[in-house]
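What follows is the content of start36.tsv, which has TSV, C-alpha atoms:
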chain	number	residue	atom	x	y	z
A	1	MET	CA	103.84	55.26	110.30
A	2	GLU	CA	104.84	55.79	106.69
A	3	LEU	CA	105.24	53.38	103.82
A	4	VAL	CA	108.84	52.19	103.71
A	5	GLU	CA	111.14	54.49	101.77
A	6	VAL	CA	114.20	52.28	101.37
A	7	ASN	CA	116.93	54.94	101.55
A	8	GLN	CA	115.43	56.57	104.65
A	9	LEU	CA	114.91	53.23	106.35
A	10	GLN	CA	118.41	52.05	105.48
A	11	ALA	CA	119.89	55.22	107.02
A	12	ALA	CA	117.82	54.69	110.16
A	13	ILE	CA	118.98	51.07	110.47
A	14	ASP	CA	122.60	52.14	109.93
A	15	SER	CA	122.34	54.53	112.88
A	16	PHE	CA	121.91	51.55	115.25
A	17	VAL	CA	124.93	49.59	114.00
A	18	GLY	CA	127.46	48.67	116.70
A	19	LYS	CA	125.23	49.76	119.60
A	20	ASP	CA	123.58	47.65	122.28
A	21	VAL	CA	119.94	47.94	121.28
A	22	TYR	CA	116.69	46.53	122.65
A	23	LEU	CA	114.85	44.34	120.17
A	24	HIS	CA	111.13	43.73	119.68
A	25	LEU	CA	110.39	41.07	117.07
A	26	GLU	CA	106.94	39.65	116.52
A	27	THR	CA	105.05	37.65	113.96
A	28	THR	CA	101.38	36.85	114.37
A	29	ASN	CA	98.29	35.54	112.63
A	30	GLY	CA	96.12	36.63	115.55
A	31	SER	CA	94.80	34.40	118.31
A	32	TYR	CA	91.50	33.82	116.50
A	33	ALA	CA	92.97	32.45	113.26
A	34	SER	CA	92.09	28.83	114.05
A	35	HIS	CA	88.69	29.86	115.45
A	36	PHE	CA	87.58	31.43	112.18
A	37	ASN	CA	89.35	28.85	110.00
A	38	GLU	CA	89.50	25.56	111.85
A	39	GLY	CA	92.13	23.96	109.62
A	40	PHE	CA	94.49	26.89	110.01
A	41	PHE	CA	97.87	26.13	111.56
A	42	ASN	CA	98.48	29.15	113.77
A	43	ALA	CA	102.11	30.01	114.35
A	44	GLY	CA	103.83	33.13	115.60
A	45	ALA	CA	106.75	34.33	117.68
A	46	PHE	CA	107.39	37.21	120.05
A	47	ILE	CA	110.61	38.60	121.53
A	48	ARG	CA	110.70	41.84	123.52
A	49	ASN	CA	113.54	43.68	125.21
A	50	VAL	CA	116.29	41.26	124.33
A	51	VAL	CA	119.54	43.21	123.81
A	52	ILE	CA	121.43	42.72	120.55
A	53	ASN	CA	124.39	44.39	118.87
A	54	PHE	CA	124.51	44.06	115.09
A	55	GLU	CA	127.34	44.86	112.68
A	56	LEU	CA	125.33	45.12	109.48
A	57	GLY	CA	121.67	45.79	108.74
A	58	LYS	CA	119.92	45.71	105.37
A	59	VAL	CA	116.49	46.42	103.97
A	60	VAL	CA	115.94	44.60	100.67
A	61	GLY	CA	113.21	43.65	98.24
A	62	ASP	CA	110.22	45.53	96.82
A	63	SER	CA	107.44	46.15	99.32
A	64	PRO	CA	106.77	44.17	101.41
A	65	HIS	CA	110.42	44.33	102.33
A	66	ARG	CA	112.75	41.99	104.13
A	67	VAL	CA	115.01	43.32	106.84
A	68	GLY	CA	118.03	41.39	108.12
A	69	LEU	CA	120.48	42.21	110.89
A	70	LYS	CA	123.84	40.43	110.97
A	71	LEU	CA	125.18	39.82	114.49
A	72	PRO	CA	128.76	38.77	115.29
A	73	GLN	CA	127.45	35.24	115.89
A	74	GLY	CA	123.93	35.19	114.53
A	75	TRP	CA	121.06	36.81	112.67
A	76	VAL	CA	117.76	38.62	113.15
A	77	TYR	CA	115.39	38.65	110.22
A	78	ALA	CA	111.86	39.84	109.39
A	79	GLN	CA	109.82	39.44	106.22
A	80	GLY	CA	106.73	41.41	105.19
A	81	ILE	CA	107.74	44.91	106.35
A	82	THR	CA	105.54	47.62	104.80
A	83	HIS	CA	105.67	50.60	107.19
A	84	PHE	CA	108.23	52.36	109.35
A	85	GLU	CA	108.60	55.20	111.81
A	86	LEU	CA	111.45	56.75	113.75
A	87	ASP	CA	109.36	57.81	116.74
A	88	GLU	CA	109.73	60.79	119.07
A	89	GLU	CA	111.85	58.68	121.43
A	90	GLY	CA	114.29	57.77	118.66
A	91	ARG	CA	113.02	54.21	118.39
A	92	LEU	CA	112.91	52.58	114.99
A	93	LEU	CA	109.53	50.88	114.55
A	94	LEU	CA	109.01	48.62	111.54
A	95	ALA	CA	105.73	46.89	110.83
A	96	GLY	CA	104.09	44.76	108.19
A	97	HIS	CA	100.36	45.39	107.78
A	98	ASP	CA	98.15	43.14	105.67
A	99	GLY	CA	95.54	44.47	103.24
A	100	THR	CA	92.99	44.99	106.03
A	101	GLY	CA	95.47	46.94	108.18
A	102	LYS	CA	96.14	44.11	110.61
A	103	LEU	CA	99.66	43.78	111.95
A	104	ALA	CA	101.41	40.62	110.72
A	105	VAL	CA	105.01	41.33	111.68
A	106	ALA	CA	106.90	43.90	113.75
A	107	LEU	CA	110.62	44.58	114.14
A	108	GLN	CA	111.64	47.38	116.49
A	109	LEU	CA	114.98	48.72	117.76
A	110	SER	CA	115.55	51.07	120.68
A	111	GLU	CA	118.53	52.23	122.70
A	112	THR	CA	116.30	52.25	125.80
A	113	PRO	CA	114.04	49.39	126.93
A	114	PHE	CA	110.53	49.19	125.49
A	115	SER	CA	107.77	49.47	128.07
A	116	TYR	CA	106.74	46.20	129.76
B	117	MET	CA	64.85	36.61	131.98
B	118	THR	CA	65.03	39.59	134.34
B	119	ILE	CA	68.37	40.38	135.85
B	120	PRO	CA	68.29	39.72	139.60
B	121	LYS	CA	69.59	42.28	142.06
B	122	GLU	CA	73.04	41.33	143.33
B	123	ARG	CA	75.14	42.41	146.31
B	124	HIS	CA	78.14	43.15	144.08
B	125	VAL	CA	79.11	42.01	140.58
B	126	LEU	CA	82.76	41.33	139.74
B	127	VAL	CA	83.61	41.11	136.04
B	128	ILE	CA	87.03	39.72	135.08
B	129	PHE	CA	88.30	39.72	131.48
B	130	PRO	CA	91.79	40.07	129.99
B	131	HIS	CA	91.31	42.59	127.16
B	132	PRO	CA	89.80	46.03	126.76
B	133	ASP	CA	86.69	45.32	124.59
B	134	ASP	CA	86.05	41.81	126.02
B	135	GLU	CA	83.35	43.39	128.16
B	136	ALA	CA	81.74	45.32	125.31
B	137	PHE	CA	80.38	42.55	123.10
B	138	GLY	CA	79.21	40.00	125.62
B	139	VAL	CA	78.33	41.69	128.87
B	140	SER	CA	78.17	45.50	128.65
B	141	GLY	CA	74.36	45.46	128.64
B	142	THR	CA	74.31	43.26	131.71
B	143	ILE	CA	76.85	45.52	133.43
B	144	THR	CA	74.79	48.64	132.68
B	145	THR	CA	71.60	46.96	133.90
B	146	HIS	CA	73.20	45.99	137.21
B	147	ILE	CA	74.48	49.54	137.66
B	148	GLN	CA	71.03	50.99	136.89
B	149	GLN	CA	69.54	48.60	139.48
B	150	GLY	CA	71.91	50.04	142.05
B	151	THR	CA	74.26	47.05	142.17
B	152	PRO	CA	77.93	48.00	142.46
B	153	VAL	CA	79.98	46.54	139.59
B	154	THR	CA	83.76	46.12	139.46
B	155	TYR	CA	85.44	45.38	136.14
B	156	ALA	CA	88.99	44.03	136.39
B	157	CYS	CA	90.69	44.20	132.99
B	158	LEU	CA	93.95	42.28	133.12
B	159	THR	CA	95.83	43.81	130.16
B	160	LEU	CA	95.70	46.86	127.88
B	161	GLY	CA	95.45	44.80	124.70
B	162	GLU	CA	99.02	45.72	123.80
B	163	MET	CA	99.21	43.04	121.12
B	164	GLY	CA	96.07	44.05	119.24
B	165	ARG	CA	96.50	43.62	115.49
B	166	ASN	CA	94.12	46.28	114.22
B	167	LEU	CA	96.52	49.13	113.51
B	168	GLY	CA	94.95	50.34	110.26
B	169	ASN	CA	96.22	50.74	106.74
B	170	PRO	CA	97.43	53.44	106.64
B	171	PRO	CA	98.30	52.78	110.30
B	172	PHE	CA	96.69	54.99	112.98
B	173	ALA	CA	98.95	53.49	115.68
B	174	THR	CA	102.25	51.76	116.26
B	175	ARG	CA	102.96	48.77	118.50
B	176	GLU	CA	104.22	51.26	121.08
B	177	SER	CA	101.41	53.84	120.91
B	178	LEU	CA	98.59	51.26	120.94
B	179	PRO	CA	98.42	50.64	124.74
B	180	ALA	CA	97.73	54.31	125.48
B	181	ILE	CA	95.01	54.36	122.82
B	182	ARG	CA	93.38	51.24	124.17
B	183	LYS	CA	93.53	52.53	127.74
B	184	LYS	CA	91.60	55.64	126.66
B	185	GLU	CA	89.08	53.45	124.87
B	186	LEU	CA	88.62	51.28	127.96
B	187	LEU	CA	87.94	54.38	130.07
B	188	ALA	CA	85.43	55.57	127.46
B	189	SER	CA	83.72	52.17	127.49
B	190	ALA	CA	83.45	52.29	131.28
B	191	GLU	CA	81.84	55.71	130.99
B	192	ALA	CA	79.41	54.43	128.34
B	193	MET	CA	78.36	51.59	130.65
B	194	GLY	CA	78.11	53.87	133.68
B	195	LEU	CA	80.86	51.88	135.39
B	196	THR	CA	82.88	53.68	138.05
B	197	ASP	CA	85.04	50.88	139.48
B	198	LEU	CA	87.47	49.91	136.71
B	199	ARG	CA	90.66	48.08	137.65
B	200	MET	CA	93.59	47.84	135.24
B	201	MET	CA	95.66	44.90	136.44
B	202	GLY	CA	98.90	45.59	134.54
B	203	LEU	CA	99.52	42.26	132.82
B	204	ARG	CA	100.63	42.09	129.21
B	205	ASP	CA	98.41	40.94	126.37
B	206	LYS	CA	99.06	37.36	125.16
B	207	THR	CA	101.24	36.45	128.15
B	208	ILE	CA	98.70	35.54	130.85
B	209	GLU	CA	98.93	31.78	130.28
B	210	PHE	CA	102.68	31.99	130.90
B	211	GLU	CA	102.33	33.75	134.26
B	212	ASP	CA	102.69	31.73	137.45
B	213	ASP	CA	99.35	29.95	137.91
B	214	GLU	CA	99.28	30.46	141.66
B	215	LYS	CA	100.03	34.17	141.27
B	216	MET	CA	97.02	34.42	138.95
B	217	VAL	CA	94.75	32.64	141.44
B	218	ARG	CA	96.01	34.99	144.17
B	219	MET	CA	95.16	38.03	142.02
B	220	MET	CA	91.60	36.74	141.63
B	221	GLU	CA	91.32	35.89	145.33
B	222	GLU	CA	92.35	39.42	146.27
B	223	LEU	CA	89.73	40.92	143.93
B	224	ILE	CA	87.09	38.60	145.40
B	225	GLU	CA	88.10	39.24	148.99
B	226	GLU	CA	87.96	42.98	148.47
B	227	THR	CA	84.69	43.24	146.53
B	228	ASN	CA	82.79	40.34	148.16
B	229	PRO	CA	80.72	39.66	145.00
B	230	SER	CA	77.51	37.65	144.90
B	231	LEU	CA	78.11	37.16	141.16
B	232	ILE	CA	81.34	36.82	139.17
B	233	ILE	CA	81.35	37.05	135.38
B	234	THR	CA	84.26	35.71	133.30
B	235	PHE	CA	84.93	33.30	130.42
B	236	TYR	CA	84.10	29.57	130.47
B	237	PRO	CA	87.30	27.46	130.67
B	238	ASP	CA	87.88	25.39	127.51
B	239	PHE	CA	85.24	27.36	125.57
B	240	ALA	CA	86.85	30.80	125.38
B	241	VAL	CA	89.09	30.47	122.27
B	242	HIS	CA	91.84	33.01	123.05
B	243	PRO	CA	94.71	31.78	125.30
B	244	ASP	CA	94.37	34.87	127.51
B	245	HIS	CA	90.63	34.21	127.91
B	246	GLU	CA	91.33	30.61	128.88
B	247	ALA	CA	94.05	31.54	131.37
B	248	THR	CA	91.81	34.17	132.96
B	249	ALA	CA	88.92	31.71	133.20
B	250	ARG	CA	91.12	29.03	134.78
B	251	ALA	CA	92.41	31.44	137.42
B	252	VAL	CA	88.92	32.66	138.32
B	253	VAL	CA	87.46	29.15	138.54
B	254	ARG	CA	90.38	27.99	140.71
B	255	ALA	CA	89.95	30.95	143.06
B	256	VAL	CA	86.19	30.40	143.40
B	257	ARG	CA	86.62	26.63	143.79
B	258	ARG	CA	88.64	27.22	146.97
B	259	MET	CA	85.88	29.32	148.55
B	260	GLU	CA	83.59	27.78	151.15
B	261	ASP	CA	80.67	30.04	150.28
B	262	ARG	CA	80.89	30.34	146.48
B	263	PRO	CA	79.30	33.25	144.64
B	264	LYS	CA	77.39	32.62	141.41
B	265	LEU	CA	79.77	32.18	138.48
B	266	HIS	CA	78.44	33.14	135.04
B	267	CYS	CA	80.70	32.36	132.10
B	268	VAL	CA	80.84	33.56	128.51
B	269	ALA	CA	81.51	30.74	126.02
B	270	PHE	CA	81.96	31.14	122.28
B	271	ALA	CA	84.18	28.30	121.04
B	272	ASN	CA	82.87	26.64	117.89
B	273	ASN	CA	81.89	23.49	119.84
B	274	THR	CA	80.08	25.33	122.65
B	275	LEU	CA	76.52	24.39	121.65
B	276	ASP	CA	77.49	20.76	121.00
B	277	VAL	CA	79.10	20.30	124.40
B	278	LEU	CA	77.41	22.77	126.76
B	279	GLY	CA	74.07	23.07	124.98
B	280	GLU	CA	72.04	26.30	125.14
B	281	PRO	CA	73.11	28.89	127.71
B	282	ASP	CA	71.04	28.72	130.90
B	283	VAL	CA	71.20	32.47	131.56
B	284	VAL	CA	69.89	34.75	128.78
B	285	TYR	CA	69.22	38.43	129.39
B	286	ASP	CA	67.30	40.73	127.08
B	287	ILE	CA	69.25	43.98	127.34
B	288	LYS	CA	67.17	46.00	124.80
B	289	PRO	CA	66.44	48.75	127.37
B	290	VAL	CA	70.17	49.52	127.51
B	291	ARG	CA	70.91	48.82	123.83
B	292	GLU	CA	72.38	52.29	123.32
B	293	HIS	CA	74.75	51.88	126.27
B	294	LYS	CA	75.98	48.64	124.75
B	295	MET	CA	76.41	50.25	121.33
B	296	ASN	CA	78.38	53.09	122.92
B	297	SER	CA	80.58	50.63	124.82
B	298	MET	CA	81.40	48.83	121.56
B	299	LYS	CA	81.97	52.15	119.78
B	300	ALA	CA	84.32	53.25	122.56
B	301	HIS	CA	86.71	50.51	121.46
B	302	ILE	CA	86.75	51.91	117.95
B	303	SER	CA	90.38	50.98	117.20
B	304	GLN	CA	89.42	47.30	117.46
B	305	THR	CA	85.74	47.35	116.51
B	306	ALA	CA	85.43	49.75	113.57
B	307	TRP	CA	85.38	47.10	110.88
B	308	MET	CA	82.98	44.84	112.78
B	309	LEU	CA	80.61	47.67	113.72
B	310	GLU	CA	80.39	48.79	110.12
B	311	GLU	CA	79.39	45.30	109.05
B	312	MET	CA	76.93	45.02	111.95
B	313	GLU	CA	75.20	48.33	111.26
B	314	HIS	CA	74.81	47.32	107.63
B	315	LYS	CA	73.11	44.06	108.70
B	316	LEU	CA	70.88	45.88	111.20
B	317	GLN	CA	69.75	48.35	108.54
B	318	ASN	CA	68.73	45.39	106.40
B	319	GLY	CA	66.62	44.07	109.28
B	320	ASP	CA	68.84	41.08	110.05
B	321	THR	CA	67.15	39.55	113.11
B	322	GLU	CA	70.12	37.33	113.98
B	323	THR	CA	72.32	40.40	114.39
B	324	GLU	CA	69.63	42.22	116.37
B	325	ASN	CA	69.33	39.19	118.67
B	326	TRP	CA	73.10	38.99	119.03
B	327	LEU	CA	73.13	42.65	120.01
B	328	THR	CA	70.25	42.63	122.46
B	329	MET	CA	70.57	39.22	124.13
B	330	GLU	CA	73.48	38.45	126.47
B	331	ARG	CA	74.15	34.79	127.18
B	332	PHE	CA	75.91	33.07	130.04
B	333	TYR	CA	76.52	29.56	131.29
B	334	THR	CA	76.41	28.97	135.01
B	335	TYR	CA	79.69	27.21	135.73
B	336	ARG	CA	79.15	23.46	136.17
B	337	TRP	CA	81.06	22.43	139.27
B	338	ASP	CA	79.92	18.84	138.74
B	339	GLN	CA	81.84	18.86	135.45
B	340	ASP	CA	84.80	20.91	136.66
B	341	PHE	CA	87.41	21.56	133.97
B	342	GLU	CA	90.22	19.97	136.01
Rewritten as structure tokens:
Amino acid sequence: MELVEVNQLQAAIDSFVGKDVYLHLETTNGSYASHFNEGFFNAGAFIRNVVINFELGKVVGDSPHRVGLKLPQGWVYAQGITHFELDEEGRLLLAGHDGTGKLAVALQLSETPFSY
Amino acid sequence: MTIPKERHVLVIFPHPDDEAFGVSGTITTHIQQGTPVTYACLTLGEMGRNLGNPPFATRESLPAIRKKELLASAEAMGLTDLRMMGLRDKTIEFEDDEKMVRMMEELIEETNPSLIITFYPDFAVHPDHEATARAVVRAVRRMEDRPKLHCVAFANNTLDVLGEPDVVYDIKPVREHKMNSMKAHISQTAWMLEEMEHKLQNGDTETENWLTMERFYTYRWDQDFE
């Protein structure tokens, strides 16, 4: 993965506009967050292989970036994106890594289903 | 405590690397004593968070990396019967409970273990650990002739509630095997190993003890979790 270069990422997002695409969206603090810090309120969310079709997608902000996808009747949104990759299978993988390299957020788009 | 000879040992954990820290020395010792050991690993740790900065992996390339690491860990332990059960990381608690019990029953029926090693329900911290532990305990509970059930517990309240572990093995003779098992899972353990080696070099006895003693609680059927 590379650090987000806004113009490149924007072009990659644009290439998925108007297509049925499989979505992976994930935020996480890790399952051990409340074990190491007992007062910590651990929240996260995970969606994989839900099909969406968006009409507009934008990457905004200085790093870490925010990425929003406007659907005909809704929204998909991720905050904290630092890295991206258009992989060998043409999938757009966005990730937000914290200072220690741990994944905090992921937003991925693919025209074919992600593996189970 | 010396490790008794078993008929067959069945180890059941959800994540590649769960075996490395707590039980790899015990596994290696059983194997060296001629006891067959089966390790059933339920997922490939697909949701692991250690991806590096700069990243060495993506969400999609991580499972293949962790599968290779699991195979390397098995080799380091001398383990030849490794089962990858095909579930997905962080989803086990949402699977059908009866399906999970059935999976455990099939492993038990096939391997006929005299000892099963897994996590201790309610003292295993991670939701996948807890779900695995519940399924194993439920499967064993239904058996007429129950094998020994040794459980790993590491919740913050473990000592307060369960007291000291009743099974403690000194695995110093196979210390290197254990080190190599932990090193095999380098994508997840690099940061921790670096810190540990630093402490060991400074003669930290707590770390040395943590590394060379493996601790289990015999499951307490008289205080069953449900």
| request: Measure the distance from CA of Gly96 in chain A to CA of Gln79 in chain A in Å and round it to one decimal. | output: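 Separation of CA of Gly96 in chain A and CA of Gln79 in chain A: 8.1 Å.
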| What does the distance between CA of Ile224 in chain B and CA of Phe341 in chain B come to in Å, to one decimal place? | 20.5 Å
| field | Distance filter 6 Å, only C-alpha atoms, chain A against chain B, as an NGL selection string | value | :A and (31 or 101-103)
Range 310-318 of chain B: which residues within 12 Å, counting only C-alpha atoms, same-chain residues fewer than 3 positions away excluded, as a PDB file with C-alpha atoms, keeping the file's coordinate frame?
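For reference, around13.pdb as written:
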ATOM      1  CA  PHE B 137      80.380  42.550 123.100  1.00  0.00           C
ATOM      2  CA  MET B 295      76.410  50.250 121.330  1.00  0.00           C
ATOM      3  CA  MET B 298      81.400  48.830 121.560  1.00  0.00           C
ATOM      4  CA  LYS B 299      81.970  52.150 119.780  1.00  0.00           C
ATOM      5  CA  ILE B 302      86.750  51.910 117.950  1.00  0.00           C
ATOM      6  CA  GLN B 304      89.420  47.300 117.460  1.00  0.00           C
ATOM      7  CA  THR B 305      85.740  47.350 116.510  1.00  0.00           C
ATOM      8  CA  ALA B 306      85.430  49.750 113.570  1.00  0.00           C
ATOM      9  CA  TRP B 307      85.380  47.100 110.880  1.00  0.00           C
ATOM     10  CA  THR B 321      67.150  39.550 113.110  1.00  0.00           C
ATOM     11  CA  GLU B 322      70.120  37.330 113.980  1.00  0.00           C
ATOM     12  CA  THR B 323      72.320  40.400 114.390  1.00  0.00           C
ATOM     13  CA  GLU B 324      69.630  42.220 116.370  1.00  0.00           C
ATOM     14  CA  ASN B 325      69.330  39.190 118.670  1.00  0.00           C
ATOM     15  CA  TRP B 326      73.100  38.990 119.030  1.00  0.00           C
ATOM     16  CA  LEU B 327      73.130  42.650 120.010  1.00  0.00           C
ATOM     17  CA  THR B 328      70.250  42.630 122.460  1.00  0.00           C
TER      18      THR B 328
END
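Proximity ranking of B:Leu178, B:Val277, B:Leu187, B:Leu265 relative to Thr334 in chain B places B:Leu265 first, based on all atoms listed in the file.
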| field | Distance of CA of Pro263 in chain B from CA of Arg123 in chain B, expressed in Å to one decimal place | value |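 Value for the CA of Arg123 in chain B-CA of Pro263 in chain B distance: 10.2 Å.
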| task | Give as a count of residues only each residue that has an atom at most 7 Å from (120.5, 50.3, 119.3) in the file, counting only C-alpha atoms. | result | 9
Box dimensions and centre (Å, one decimal) enclosing range 186-191 of chain B, axis-aligned, 4 Å extra per side, as lines of an AutoDock Vina configuration file:
center_x = 85.2
center_y = 53.5
center_z = 129.4
size_x = 14.8
size_y = 12.4
size_z = 11.8
| Which residue, A:Val60, A:Ile52, A:Met1, A:Ala33, has the smallest gap to Leu93 in chain A when you use only C-alpha atoms? |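 Going through A:Val60, A:Ile52, A:Met1, A:Ala33 one by one, the smallest distance to Leu93 in chain A is for A:Met1.
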| query | Counting all atoms listed in the file, which of B:Met329, B:Leu231, B:Ile181, B:Leu158 gets nearest to Lys294 in chain B? | reply |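 Checking each of B:Met329, B:Leu231, B:Ile181, B:Leu158 against Lys294 in chain B, counting all atoms listed in the file, the winner is B:Met329.
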| note | Shortest contact to Ala300 in chain B, candidates B:Val139, B:Ser189, B:Thr118, B:Met259, atoms counted only C-alpha atoms, goes to B:Ser189
| Which residue, A:Val105, A:Gly39, A:Leu23, A:Ser34, has the smallest gap to Leu69 in chain A when you use all atoms listed in the file? | A:Leu23
| Top pick for closest residue to Tyr32 in chain A, considering B:Val268, B:Val284, B:Ala240, B:Ala255 and counting all atoms listed in the file |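 Closest to Tyr32 in chain A, using all atoms listed in the file: B:Ala240.
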| request: Please provide as number ranges by chain all residues within 9 Å of Val59 in chain A, with the sequence filter that same-chain residues fewer than 5 positions apart are discarded (counting only C-alpha atoms). | output: A: 6-7, 9-10, 13, 65-68
Start from the incomplete input, build all heavy atoms for range 29-37 of chain A, and deliver everything as a compact mmCIF listing (two decimals), keeping the file's coordinate frame.
# COMPACT_ATOMS: atom_id res chain seq x y z
N ASN A 29 99.50 35.68 113.45
CA ASN A 29 98.29 35.54 112.63
C ASN A 29 97.06 35.94 113.41
O ASN A 29 95.95 35.87 112.91
CB ASN A 29 98.12 34.07 112.19
CG ASN A 29 99.25 33.62 111.30
OD1 ASN A 29 99.50 34.23 110.28
ND2 ASN A 29 99.93 32.57 111.70
N GLY A 30 97.25 36.31 114.68
CA GLY A 30 96.12 36.63 115.55
C GLY A 30 95.64 35.37 116.27
O GLY A 30 95.70 34.27 115.73
N SER A 31 95.17 35.56 117.50
CA SER A 31 94.80 34.40 118.31
C SER A 31 93.52 33.71 117.84
O SER A 31 93.20 32.62 118.27
CB SER A 31 94.63 34.83 119.76
OG SER A 31 95.87 35.25 120.27
N TYR A 32 92.76 34.39 116.95
CA TYR A 32 91.50 33.82 116.50
C TYR A 32 91.60 33.09 115.16
O TYR A 32 90.60 32.63 114.63
CB TYR A 32 90.43 34.91 116.39
CG TYR A 32 90.09 35.54 117.71
CD1 TYR A 32 90.54 36.82 118.03
CD2 TYR A 32 89.32 34.86 118.65
CE1 TYR A 32 90.24 37.40 119.25
CE2 TYR A 32 89.01 35.43 119.87
CZ TYR A 32 89.47 36.69 120.16
OH TYR A 32 89.17 37.26 121.38
N ALA A 33 92.82 33.00 114.62
CA ALA A 33 92.97 32.45 113.26
C ALA A 33 92.36 31.05 113.14
O ALA A 33 91.65 30.76 112.18
CB ALA A 33 94.45 32.44 112.88
N SER A 34 92.62 30.19 114.12
CA SER A 34 92.09 28.83 114.05
C SER A 34 90.62 28.74 114.46
O SER A 34 89.97 27.73 114.24
CB SER A 34 92.88 27.88 114.94
OG SER A 34 94.25 28.07 114.78
N HIS A 35 90.12 29.81 115.09
CA HIS A 35 88.69 29.86 115.45
C HIS A 35 87.86 30.14 114.20
O HIS A 35 86.83 29.51 113.98
CB HIS A 35 88.48 30.96 116.50
CG HIS A 35 87.05 31.21 116.86
ND1 HIS A 35 86.26 30.29 117.52
CD2 HIS A 35 86.25 32.29 116.65
CE1 HIS A 35 85.04 30.79 117.71
NE2 HIS A 35 85.02 32.01 117.19
N PHE A 36 88.32 31.07 113.39
CA PHE A 36 87.58 31.43 112.18
C PHE A 36 87.83 30.46 111.04
O PHE A 36 87.03 30.31 110.13
CB PHE A 36 87.93 32.85 111.74
CG PHE A 36 87.46 33.90 112.72
CD1 PHE A 36 88.34 34.81 113.26
CD2 PHE A 36 86.13 33.96 113.10
CE1 PHE A 36 87.91 35.78 114.17
CE2 PHE A 36 85.67 34.92 114.00
CZ PHE A 36 86.57 35.82 114.54
N ASN A 37 88.99 29.80 111.06
CA ASN A 37 89.35 28.85 110.00
C ASN A 37 89.95 27.63 110.67
O ASN A 37 91.14 27.59 110.95
CB ASN A 37 90.33 29.53 109.04
CG ASN A 37 90.79 28.60 107.94
OD1 ASN A 37 90.36 27.44 107.87
ND2 ASN A 37 91.67 29.10 107.09
